[in-house]
$ cat work14.cif   # mmCIF, N, CA and C atoms
data_protein
#
loop_
_atom_site.label_atom_id
_atom_site.label_comp_id
_atom_site.auth_asym_id
_atom_site.auth_seq_id
_atom_site.Cartn_x
_atom_site.Cartn_y
_atom_site.Cartn_z
N MET Q 27 0.85 -1.18 0.00
CA MET Q 27 0.00 0.00 0.00
C MET Q 27 0.90 1.24 0.00
N PRO Q 28 0.59 2.22 -0.84
CA PRO Q 28 1.42 3.44 -0.90
C PRO Q 28 1.42 4.20 0.43
N GLN Q 29 2.56 4.80 0.72
CA GLN Q 29 2.71 5.60 1.94
C GLN Q 29 2.92 7.05 1.56
N PHE Q 30 2.39 7.95 2.40
CA PHE Q 30 2.43 9.37 2.11
C PHE Q 30 2.88 10.17 3.33
N HIS Q 31 3.48 11.32 3.07
CA HIS Q 31 3.88 12.29 4.09
C HIS Q 31 3.11 13.58 3.84
N PHE Q 32 2.78 14.29 4.92
CA PHE Q 32 2.04 15.54 4.83
C PHE Q 32 2.85 16.66 5.49
N ASP Q 33 3.48 17.48 4.67
CA ASP Q 33 4.27 18.61 5.17
C ASP Q 33 3.39 19.84 5.23
N VAL Q 34 3.69 20.74 6.16
CA VAL Q 34 2.89 21.95 6.35
C VAL Q 34 3.79 23.17 6.28
N ARG Q 35 3.25 24.24 5.71
CA ARG Q 35 3.97 25.52 5.64
C ARG Q 35 3.00 26.65 5.93
N TYR Q 36 3.44 27.58 6.79
CA TYR Q 36 2.67 28.77 7.12
C TYR Q 36 3.38 29.99 6.57
N ASP Q 37 2.66 30.82 5.80
CA ASP Q 37 3.22 32.02 5.19
C ASP Q 37 4.56 31.69 4.52
N ASP Q 38 5.61 32.44 4.84
CA ASP Q 38 6.91 32.22 4.22
C ASP Q 38 7.86 31.42 5.09
N GLU Q 39 7.33 30.77 6.12
CA GLU Q 39 8.18 29.95 6.98
C GLU Q 39 8.65 28.70 6.23
N ALA Q 40 9.61 28.01 6.80
CA ALA Q 40 10.11 26.77 6.19
C ALA Q 40 9.04 25.68 6.28
N TRP Q 41 9.10 24.75 5.34
CA TRP Q 41 8.20 23.60 5.36
C TRP Q 41 8.52 22.71 6.56
N SER Q 42 7.49 22.14 7.16
CA SER Q 42 7.71 21.08 8.14
C SER Q 42 8.18 19.86 7.36
N GLU Q 43 8.78 18.91 8.03
CA GLU Q 43 9.21 17.67 7.38
C GLU Q 43 8.53 16.52 8.10
N ASP Q 44 7.39 16.10 7.59
CA ASP Q 44 6.62 15.02 8.19
C ASP Q 44 7.39 13.71 8.06
N GLU Q 45 7.81 13.15 9.18
CA GLU Q 45 8.56 11.90 9.17
C GLU Q 45 7.64 10.67 9.22
N GLU Q 46 6.41 10.87 9.65
CA GLU Q 46 5.46 9.76 9.77
C GLU Q 46 4.92 9.40 8.40
N GLU Q 47 4.93 8.12 8.07
CA GLU Q 47 4.37 7.64 6.82
C GLU Q 47 2.97 7.09 7.10
N ILE Q 48 2.01 7.52 6.30
CA ILE Q 48 0.63 7.07 6.47
C ILE Q 48 0.22 6.32 5.21
N ASP Q 49 -0.36 5.15 5.40
CA ASP Q 49 -0.79 4.31 4.28
C ASP Q 49 -2.16 4.75 3.76
N PHE Q 50 -2.26 4.89 2.44
CA PHE Q 50 -3.52 5.13 1.76
C PHE Q 50 -3.51 4.30 0.49
N ALA Q 51 -4.67 3.88 0.05
CA ALA Q 51 -4.77 3.04 -1.14
C ALA Q 51 -4.44 3.81 -2.42
N SER Q 52 -4.61 5.14 -2.39
CA SER Q 52 -4.40 5.92 -3.61
C SER Q 52 -4.03 7.36 -3.26
N LEU Q 53 -3.55 8.08 -4.27
CA LEU Q 53 -3.28 9.50 -4.10
C LEU Q 53 -4.57 10.26 -3.81
N GLU Q 54 -5.67 9.84 -4.38
CA GLU Q 54 -6.95 10.50 -4.13
C GLU Q 54 -7.33 10.40 -2.65
N GLU Q 55 -7.08 9.27 -2.02
CA GLU Q 55 -7.35 9.13 -0.58
C GLU Q 55 -6.41 10.03 0.23
N ALA Q 56 -5.15 10.10 -0.18
CA ALA Q 56 -4.19 10.99 0.50
C ALA Q 56 -4.62 12.45 0.34
N ARG Q 57 -5.12 12.82 -0.83
CA ARG Q 57 -5.61 14.19 -1.08
C ARG Q 57 -6.78 14.50 -0.15
N SER Q 58 -7.70 13.56 -0.01
CA SER Q 58 -8.83 13.76 0.90
C SER Q 58 -8.35 13.97 2.34
N GLU Q 59 -7.35 13.22 2.74
CA GLU Q 59 -6.77 13.39 4.09
C GLU Q 59 -6.13 14.76 4.23
N ALA Q 60 -5.44 15.22 3.18
CA ALA Q 60 -4.82 16.55 3.21
C ALA Q 60 -5.88 17.64 3.36
N ILE Q 61 -7.01 17.47 2.70
CA ILE Q 61 -8.11 18.44 2.83
C ILE Q 61 -8.64 18.45 4.26
N GLU Q 62 -8.78 17.30 4.87
CA GLU Q 62 -9.23 17.22 6.27
C GLU Q 62 -8.22 17.89 7.20
N LEU Q 63 -6.94 17.64 6.95
CA LEU Q 63 -5.89 18.28 7.74
C LEU Q 63 -5.95 19.80 7.58
N MET Q 64 -6.15 20.26 6.36
CA MET Q 64 -6.25 21.70 6.09
C MET Q 64 -7.42 22.30 6.88
N ALA Q 65 -8.54 21.63 6.88
CA ALA Q 65 -9.71 22.13 7.61
C ALA Q 65 -9.42 22.24 9.10
N GLY Q 66 -8.74 21.25 9.66
CA GLY Q 66 -8.42 21.29 11.08
C GLY Q 66 -7.42 22.38 11.43
N LEU Q 67 -6.43 22.56 10.60
CA LEU Q 67 -5.42 23.58 10.86
C LEU Q 67 -5.96 24.99 10.65
N THR Q 68 -6.88 25.14 9.72
CA THR Q 68 -7.43 26.46 9.40
C THR Q 68 -8.07 27.12 10.61
N ALA Q 69 -8.81 26.36 11.36
CA ALA Q 69 -9.51 26.91 12.53
C ALA Q 69 -8.54 27.51 13.54
N ASN Q 70 -7.38 26.92 13.68
CA ASN Q 70 -6.42 27.37 14.68
C ASN Q 70 -5.36 28.34 14.17
N LYS Q 71 -4.95 28.19 12.94
CA LYS Q 71 -3.76 28.90 12.46
C LYS Q 71 -4.02 30.15 11.62
N LEU Q 72 -5.18 30.27 10.98
CA LEU Q 72 -5.36 31.41 10.10
C LEU Q 72 -5.64 32.71 10.84
N ARG Q 73 -5.71 32.66 12.14
CA ARG Q 73 -5.74 33.92 12.91
C ARG Q 73 -4.33 34.50 13.00
N GLU Q 74 -3.34 33.64 12.92
CA GLU Q 74 -1.94 34.06 13.02
C GLU Q 74 -1.29 34.23 11.65
N TYR Q 75 -1.72 33.45 10.67
CA TYR Q 75 -1.08 33.41 9.35
C TYR Q 75 -2.09 33.72 8.26
N ARG Q 76 -1.58 34.15 7.11
CA ARG Q 76 -2.46 34.44 5.96
C ARG Q 76 -2.48 33.32 4.94
N THR Q 77 -1.44 32.50 4.93
CA THR Q 77 -1.36 31.42 3.95
C THR Q 77 -1.00 30.12 4.65
N LEU Q 78 -1.71 29.07 4.26
CA LEU Q 78 -1.46 27.72 4.78
C LEU Q 78 -1.30 26.80 3.59
N MET Q 79 -0.21 26.02 3.58
CA MET Q 79 0.05 25.08 2.49
C MET Q 79 0.29 23.69 3.07
N ILE Q 80 -0.21 22.67 2.39
CA ILE Q 80 0.06 21.29 2.75
C ILE Q 80 0.61 20.60 1.52
N GLY Q 81 1.80 20.04 1.66
CA GLY Q 81 2.44 19.29 0.57
C GLY Q 81 2.35 17.81 0.86
N VAL Q 82 1.97 17.04 -0.14
CA VAL Q 82 1.88 15.59 0.00
C VAL Q 82 3.02 14.97 -0.80
N ARG Q 83 3.78 14.10 -0.11
CA ARG Q 83 4.90 13.39 -0.74
C ARG Q 83 4.68 11.89 -0.62
N ASN Q 84 5.28 11.13 -1.54
CA ASN Q 84 5.21 9.68 -1.44
C ASN Q 84 6.33 9.14 -0.56
N ASP Q 85 6.45 7.82 -0.48
CA ASP Q 85 7.46 7.23 0.41
C ASP Q 85 8.88 7.42 -0.09
N GLN Q 86 9.07 7.82 -1.35
CA GLN Q 86 10.40 8.20 -1.83
C GLN Q 86 10.64 9.70 -1.66
N ARG Q 87 9.69 10.35 -0.98
CA ARG Q 87 9.74 11.79 -0.68
C ARG Q 87 9.61 12.67 -1.93
N THR Q 88 9.01 12.13 -2.96
CA THR Q 88 8.73 12.89 -4.18
C THR Q 88 7.46 13.71 -3.98
N PRO Q 89 7.50 15.03 -4.22
CA PRO Q 89 6.28 15.84 -4.10
C PRO Q 89 5.22 15.39 -5.11
N LEU Q 90 4.00 15.23 -4.63
CA LEU Q 90 2.90 14.78 -5.49
C LEU Q 90 1.85 15.85 -5.71
N LEU Q 91 1.54 16.60 -4.67
CA LEU Q 91 0.56 17.68 -4.79
C LEU Q 91 0.71 18.65 -3.65
N THR Q 92 0.21 19.87 -3.85
CA THR Q 92 0.23 20.91 -2.83
C THR Q 92 -1.14 21.56 -2.76
N LEU Q 93 -1.68 21.66 -1.56
CA LEU Q 93 -2.92 22.40 -1.32
C LEU Q 93 -2.54 23.74 -0.72
N THR Q 94 -3.15 24.82 -1.18
CA THR Q 94 -2.87 26.15 -0.68
C THR Q 94 -4.16 26.86 -0.33
N LEU Q 95 -4.18 27.47 0.85
CA LEU Q 95 -5.30 28.30 1.27
C LEU Q 95 -4.74 29.64 1.66
N SER Q 96 -5.23 30.69 1.01
CA SER Q 96 -4.78 32.06 1.31
C SER Q 96 -5.96 32.92 1.67
N LEU Q 97 -5.81 33.68 2.73
CA LEU Q 97 -6.81 34.66 3.12
C LEU Q 97 -6.13 36.01 3.19
N ILE Q 98 -6.46 36.85 2.25
CA ILE Q 98 -5.87 38.18 2.20
C ILE Q 98 -7.01 39.18 2.36
N PRO Q 99 -7.05 39.87 3.50
CA PRO Q 99 -8.16 40.79 3.75
C PRO Q 99 -8.10 42.01 2.83
N GLU Q 100 -9.26 42.45 2.42
CA GLU Q 100 -9.34 43.67 1.63
C GLU Q 100 -9.31 44.86 2.57
N GLU Q 101 -8.60 45.86 2.19
CA GLU Q 101 -8.48 47.07 3.02
C GLU Q 101 -9.40 48.14 2.50
#
$ encode --input "work14.cif" --output "structure tokens"
Amino acid sequence: MPQFHFDVRYDDEAWSEDEEEIDFASLEEARSEAIELMAGLTANKLREYRTLMIGVRNDQRTPLLTLTLSLIPEE
């Protein structure tokens, strides 16, 4: 079963390096998990940050996809 890593980045900070490998049957399942992770982090972190990114990598650490959420207030 394929294994995936979920790295997180806030604004222009460095990417986290997720060392935990999580098994999913497909990239689509890993993408769904990344969306759930994004939803959970959004509630806590977007008061401090304007941009939240989640990068999904495979077990060879190859980047597969990136989810980005940006909230830029209008002045």
$ select_by_dssp --input "work14.cif" --residues "chain Q" --states "strand (DSSP E)" --output "NGL selection string"
:Q and (29-36 or 48-49 or 77-84 or 89-96)
$ closest_residue --input "work14.cif" --among "Q:Ser58, Q:Ser96, Q:Thr77, Q:Asn84" --to "Phe32 (chain Q)" --atoms "all atoms listed in the file"
Q:Asn84
$ residues_around --input "work14.cif" --residues "Asp85 (chain Q)" --least-positions-apart "5" --cutoff "8 Å" --atoms "only C-alpha atoms" --output "list in words"
Pro28, Gln29, Phe30, His31 and Glu47 of chain Q
$ write_last_selection --input "work14.cif" --atoms "N, CA and C atoms" --output "PDB file, keeping the file's coordinate frame"
ATOM      1  N   PRO Q  28       0.590   2.220  -0.840  1.00  0.00           N
ATOM      2  CA  PRO Q  28       1.420   3.440  -0.900  1.00  0.00           C
ATOM      3  C   PRO Q  28       1.420   4.200   0.430  1.00  0.00           C
ATOM      4  N   GLN Q  29       2.560   4.800   0.720  1.00  0.00           N
ATOM      5  CA  GLN Q  29       2.710   5.600   1.940  1.00  0.00           C
ATOM      6  C   GLN Q  29       2.920   7.050   1.560  1.00  0.00           C
ATOM      7  N   PHE Q  30       2.390   7.950   2.400  1.00  0.00           N
ATOM      8  CA  PHE Q  30       2.430   9.370   2.110  1.00  0.00           C
ATOM      9  C   PHE Q  30       2.880  10.170   3.330  1.00  0.00           C
ATOM     10  N   HIS Q  31       3.480  11.320   3.070  1.00  0.00           N
ATOM     11  CA  HIS Q  31       3.880  12.290   4.090  1.00  0.00           C
ATOM     12  C   HIS Q  31       3.110  13.580   3.840  1.00  0.00           C
ATOM     13  N   GLU Q  47       4.930   8.120   8.070  1.00  0.00           N
ATOM     14  CA  GLU Q  47       4.370   7.640   6.820  1.00  0.00           C
ATOM     15  C   GLU Q  47       2.970   7.090   7.100  1.00  0.00           C
TER      16      GLU Q  47
END
$ residues_around --input "work14.cif" --residues "Leu67 (chain Q)" --least-positions-apart "5" --cutoff "9 Å" --atoms "only C-alpha atoms" --output "PyMOL selection string"
chain Q and resi 62+72+78
$ atom_distance --input "work14.cif" --atom1 "CA of Leu63 (chain Q)" --atom2 "CA of Val82 (chain Q)"
11.3 Å
$ resolve_selection --input "work14.cif" --expression "the PyMOL selection byres (((chain Q and resi 36 and name CA) around 12) and name CA)" --output "mmCIF file with N, CA and C atoms, in the frame of the given file"
data_model
loop_
_atom_site.group_PDB
_atom_site.id
_atom_site.type_symbol
_atom_site.label_atom_id
_atom_site.label_comp_id
_atom_site.auth_asym_id
_atom_site.auth_seq_id
_atom_site.Cartn_x
_atom_site.Cartn_y
_atom_site.Cartn_z
ATOM 1 N N ASP Q 33 3.480 17.480 4.670
ATOM 2 C CA ASP Q 33 4.270 18.610 5.170
ATOM 3 C C ASP Q 33 3.390 19.840 5.230
ATOM 4 N N VAL Q 34 3.690 20.740 6.160
ATOM 5 C CA VAL Q 34 2.890 21.950 6.350
ATOM 6 C C VAL Q 34 3.790 23.170 6.280
ATOM 7 N N ARG Q 35 3.250 24.240 5.710
ATOM 8 C CA ARG Q 35 3.970 25.520 5.640
ATOM 9 C C ARG Q 35 3.000 26.650 5.930
ATOM 10 N N ASP Q 37 2.660 30.820 5.800
ATOM 11 C CA ASP Q 37 3.220 32.020 5.190
ATOM 12 C C ASP Q 37 4.560 31.690 4.520
ATOM 13 N N ASP Q 38 5.610 32.440 4.840
ATOM 14 C CA ASP Q 38 6.910 32.220 4.220
ATOM 15 C C ASP Q 38 7.860 31.420 5.090
ATOM 16 N N GLU Q 39 7.330 30.770 6.120
ATOM 17 C CA GLU Q 39 8.180 29.950 6.980
ATOM 18 C C GLU Q 39 8.650 28.700 6.230
ATOM 19 N N ALA Q 40 9.610 28.010 6.800
ATOM 20 C CA ALA Q 40 10.110 26.770 6.190
ATOM 21 C C ALA Q 40 9.040 25.680 6.280
ATOM 22 N N TRP Q 41 9.100 24.750 5.340
ATOM 23 C CA TRP Q 41 8.200 23.600 5.360
ATOM 24 C C TRP Q 41 8.520 22.710 6.560
ATOM 25 N N SER Q 42 7.490 22.140 7.160
ATOM 26 C CA SER Q 42 7.710 21.080 8.140
ATOM 27 C C SER Q 42 8.180 19.860 7.360
ATOM 28 N N MET Q 64 -6.150 20.260 6.360
ATOM 29 C CA MET Q 64 -6.250 21.700 6.090
ATOM 30 C C MET Q 64 -7.420 22.300 6.880
ATOM 31 N N LEU Q 67 -6.430 22.560 10.600
ATOM 32 C CA LEU Q 67 -5.420 23.580 10.860
ATOM 33 C C LEU Q 67 -5.960 24.990 10.650
ATOM 34 N N THR Q 68 -6.880 25.140 9.720
ATOM 35 C CA THR Q 68 -7.430 26.460 9.400
ATOM 36 C C THR Q 68 -8.070 27.120 10.610
ATOM 37 N N ASN Q 70 -7.380 26.920 13.680
ATOM 38 C CA ASN Q 70 -6.420 27.370 14.680
ATOM 39 C C ASN Q 70 -5.360 28.340 14.170
ATOM 40 N N LYS Q 71 -4.950 28.190 12.940
ATOM 41 C CA LYS Q 71 -3.760 28.900 12.460
ATOM 42 C C LYS Q 71 -4.020 30.150 11.620
ATOM 43 N N LEU Q 72 -5.180 30.270 10.980
ATOM 44 C CA LEU Q 72 -5.360 31.410 10.100
ATOM 45 C C LEU Q 72 -5.640 32.710 10.840
ATOM 46 N N ARG Q 73 -5.710 32.660 12.140
ATOM 47 C CA ARG Q 73 -5.740 33.920 12.910
ATOM 48 C C ARG Q 73 -4.330 34.500 13.000
ATOM 49 N N GLU Q 74 -3.340 33.640 12.920
ATOM 50 C CA GLU Q 74 -1.940 34.060 13.020
ATOM 51 C C GLU Q 74 -1.290 34.230 11.650
ATOM 52 N N TYR Q 75 -1.720 33.450 10.670
ATOM 53 C CA TYR Q 75 -1.080 33.410 9.350
ATOM 54 C C TYR Q 75 -2.090 33.720 8.260
ATOM 55 N N ARG Q 76 -1.580 34.150 7.110
ATOM 56 C CA ARG Q 76 -2.460 34.440 5.960
ATOM 57 C C ARG Q 76 -2.480 33.320 4.940
ATOM 58 N N THR Q 77 -1.440 32.500 4.930
ATOM 59 C CA THR Q 77 -1.360 31.420 3.950
ATOM 60 C C THR Q 77 -1.000 30.120 4.650
ATOM 61 N N LEU Q 78 -1.710 29.070 4.260
ATOM 62 C CA LEU Q 78 -1.460 27.720 4.780
ATOM 63 C C LEU Q 78 -1.300 26.800 3.590
ATOM 64 N N MET Q 79 -0.210 26.020 3.580
ATOM 65 C CA MET Q 79 0.050 25.080 2.490
ATOM 66 C C MET Q 79 0.290 23.690 3.070
ATOM 67 N N ILE Q 80 -0.210 22.670 2.390
ATOM 68 C CA ILE Q 80 0.060 21.290 2.750
ATOM 69 C C ILE Q 80 0.610 20.600 1.520
ATOM 70 N N GLY Q 81 1.800 20.040 1.660
ATOM 71 C CA GLY Q 81 2.440 19.290 0.570
ATOM 72 C C GLY Q 81 2.350 17.810 0.860
ATOM 73 N N LEU Q 93 -1.680 21.660 -1.560
ATOM 74 C CA LEU Q 93 -2.920 22.400 -1.320
ATOM 75 C C LEU Q 93 -2.540 23.740 -0.720
ATOM 76 N N THR Q 94 -3.150 24.820 -1.180
ATOM 77 C CA THR Q 94 -2.870 26.150 -0.680
ATOM 78 C C THR Q 94 -4.160 26.860 -0.330
ATOM 79 N N LEU Q 95 -4.180 27.470 0.850
ATOM 80 C CA LEU Q 95 -5.300 28.300 1.270
ATOM 81 C C LEU Q 95 -4.740 29.640 1.660
ATOM 82 N N SER Q 96 -5.230 30.690 1.010
ATOM 83 C CA SER Q 96 -4.780 32.060 1.310
ATOM 84 C C SER Q 96 -5.960 32.920 1.670
ATOM 85 N N LEU Q 97 -5.810 33.680 2.730
ATOM 86 C CA LEU Q 97 -6.810 34.660 3.120
ATOM 87 C C LEU Q 97 -6.130 36.010 3.190
#
$ select_by_dssp --input "work14.cif" --residues "chain Q" --states "helix (DSSP H, G or I)" --output "PyMOL selection string"
chain Q and resi 53-71
$ write_last_selection --input "work14.cif" --atoms "N, CA and C atoms" --output "compact mmCIF listing (two decimals), keeping the file's coordinate frame"
# COMPACT_ATOMS: atom_id res chain seq x y z
N LEU Q 53 -3.55 8.08 -4.27
CA LEU Q 53 -3.28 9.50 -4.10
C LEU Q 53 -4.57 10.26 -3.81
N GLU Q 54 -5.67 9.84 -4.38
CA GLU Q 54 -6.95 10.50 -4.13
C GLU Q 54 -7.33 10.40 -2.65
N GLU Q 55 -7.08 9.27 -2.02
CA GLU Q 55 -7.35 9.13 -0.58
C GLU Q 55 -6.41 10.03 0.23
N ALA Q 56 -5.15 10.10 -0.18
CA ALA Q 56 -4.19 10.99 0.50
C ALA Q 56 -4.62 12.45 0.34
N ARG Q 57 -5.12 12.82 -0.83
CA ARG Q 57 -5.61 14.19 -1.08
C ARG Q 57 -6.78 14.50 -0.15
N SER Q 58 -7.70 13.56 -0.01
CA SER Q 58 -8.83 13.76 0.90
C SER Q 58 -8.35 13.97 2.34
N GLU Q 59 -7.35 13.22 2.74
CA GLU Q 59 -6.77 13.39 4.09
C GLU Q 59 -6.13 14.76 4.23
N ALA Q 60 -5.44 15.22 3.18
CA ALA Q 60 -4.82 16.55 3.21
C ALA Q 60 -5.88 17.64 3.36
N ILE Q 61 -7.01 17.47 2.70
CA ILE Q 61 -8.11 18.44 2.83
C ILE Q 61 -8.64 18.45 4.26
N GLU Q 62 -8.78 17.30 4.87
CA GLU Q 62 -9.23 17.22 6.27
C GLU Q 62 -8.22 17.89 7.20
N LEU Q 63 -6.94 17.64 6.95
CA LEU Q 63 -5.89 18.28 7.74
C LEU Q 63 -5.95 19.80 7.58
N MET Q 64 -6.15 20.26 6.36
CA MET Q 64 -6.25 21.70 6.09
C MET Q 64 -7.42 22.30 6.88
N ALA Q 65 -8.54 21.63 6.88
CA ALA Q 65 -9.71 22.13 7.61
C ALA Q 65 -9.42 22.24 9.10
N GLY Q 66 -8.74 21.25 9.66
CA GLY Q 66 -8.42 21.29 11.08
C GLY Q 66 -7.42 22.38 11.43
N LEU Q 67 -6.43 22.56 10.60
CA LEU Q 67 -5.42 23.58 10.86
C LEU Q 67 -5.96 24.99 10.65
N THR Q 68 -6.88 25.14 9.72
CA THR Q 68 -7.43 26.46 9.40
C THR Q 68 -8.07 27.12 10.61
N ALA Q 69 -8.81 26.36 11.36
CA ALA Q 69 -9.51 26.91 12.53
C ALA Q 69 -8.54 27.51 13.54
N ASN Q 70 -7.38 26.92 13.68
CA ASN Q 70 -6.42 27.37 14.68
C ASN Q 70 -5.36 28.34 14.17
N LYS Q 71 -4.95 28.19 12.94
CA LYS Q 71 -3.76 28.90 12.46
C LYS Q 71 -4.02 30.15 11.62
$ atom_distance --input "work14.cif" --atom1 "CA of Thr92 (chain Q)" --atom2 "CA of Ala60 (chain Q)"
9.0 Å
$ atom_distance --input "work14.cif" --atom1 "atom C of Ser52 (chain Q)" --atom2 "atom N of Gln86 (chain Q)"
13.2 Å
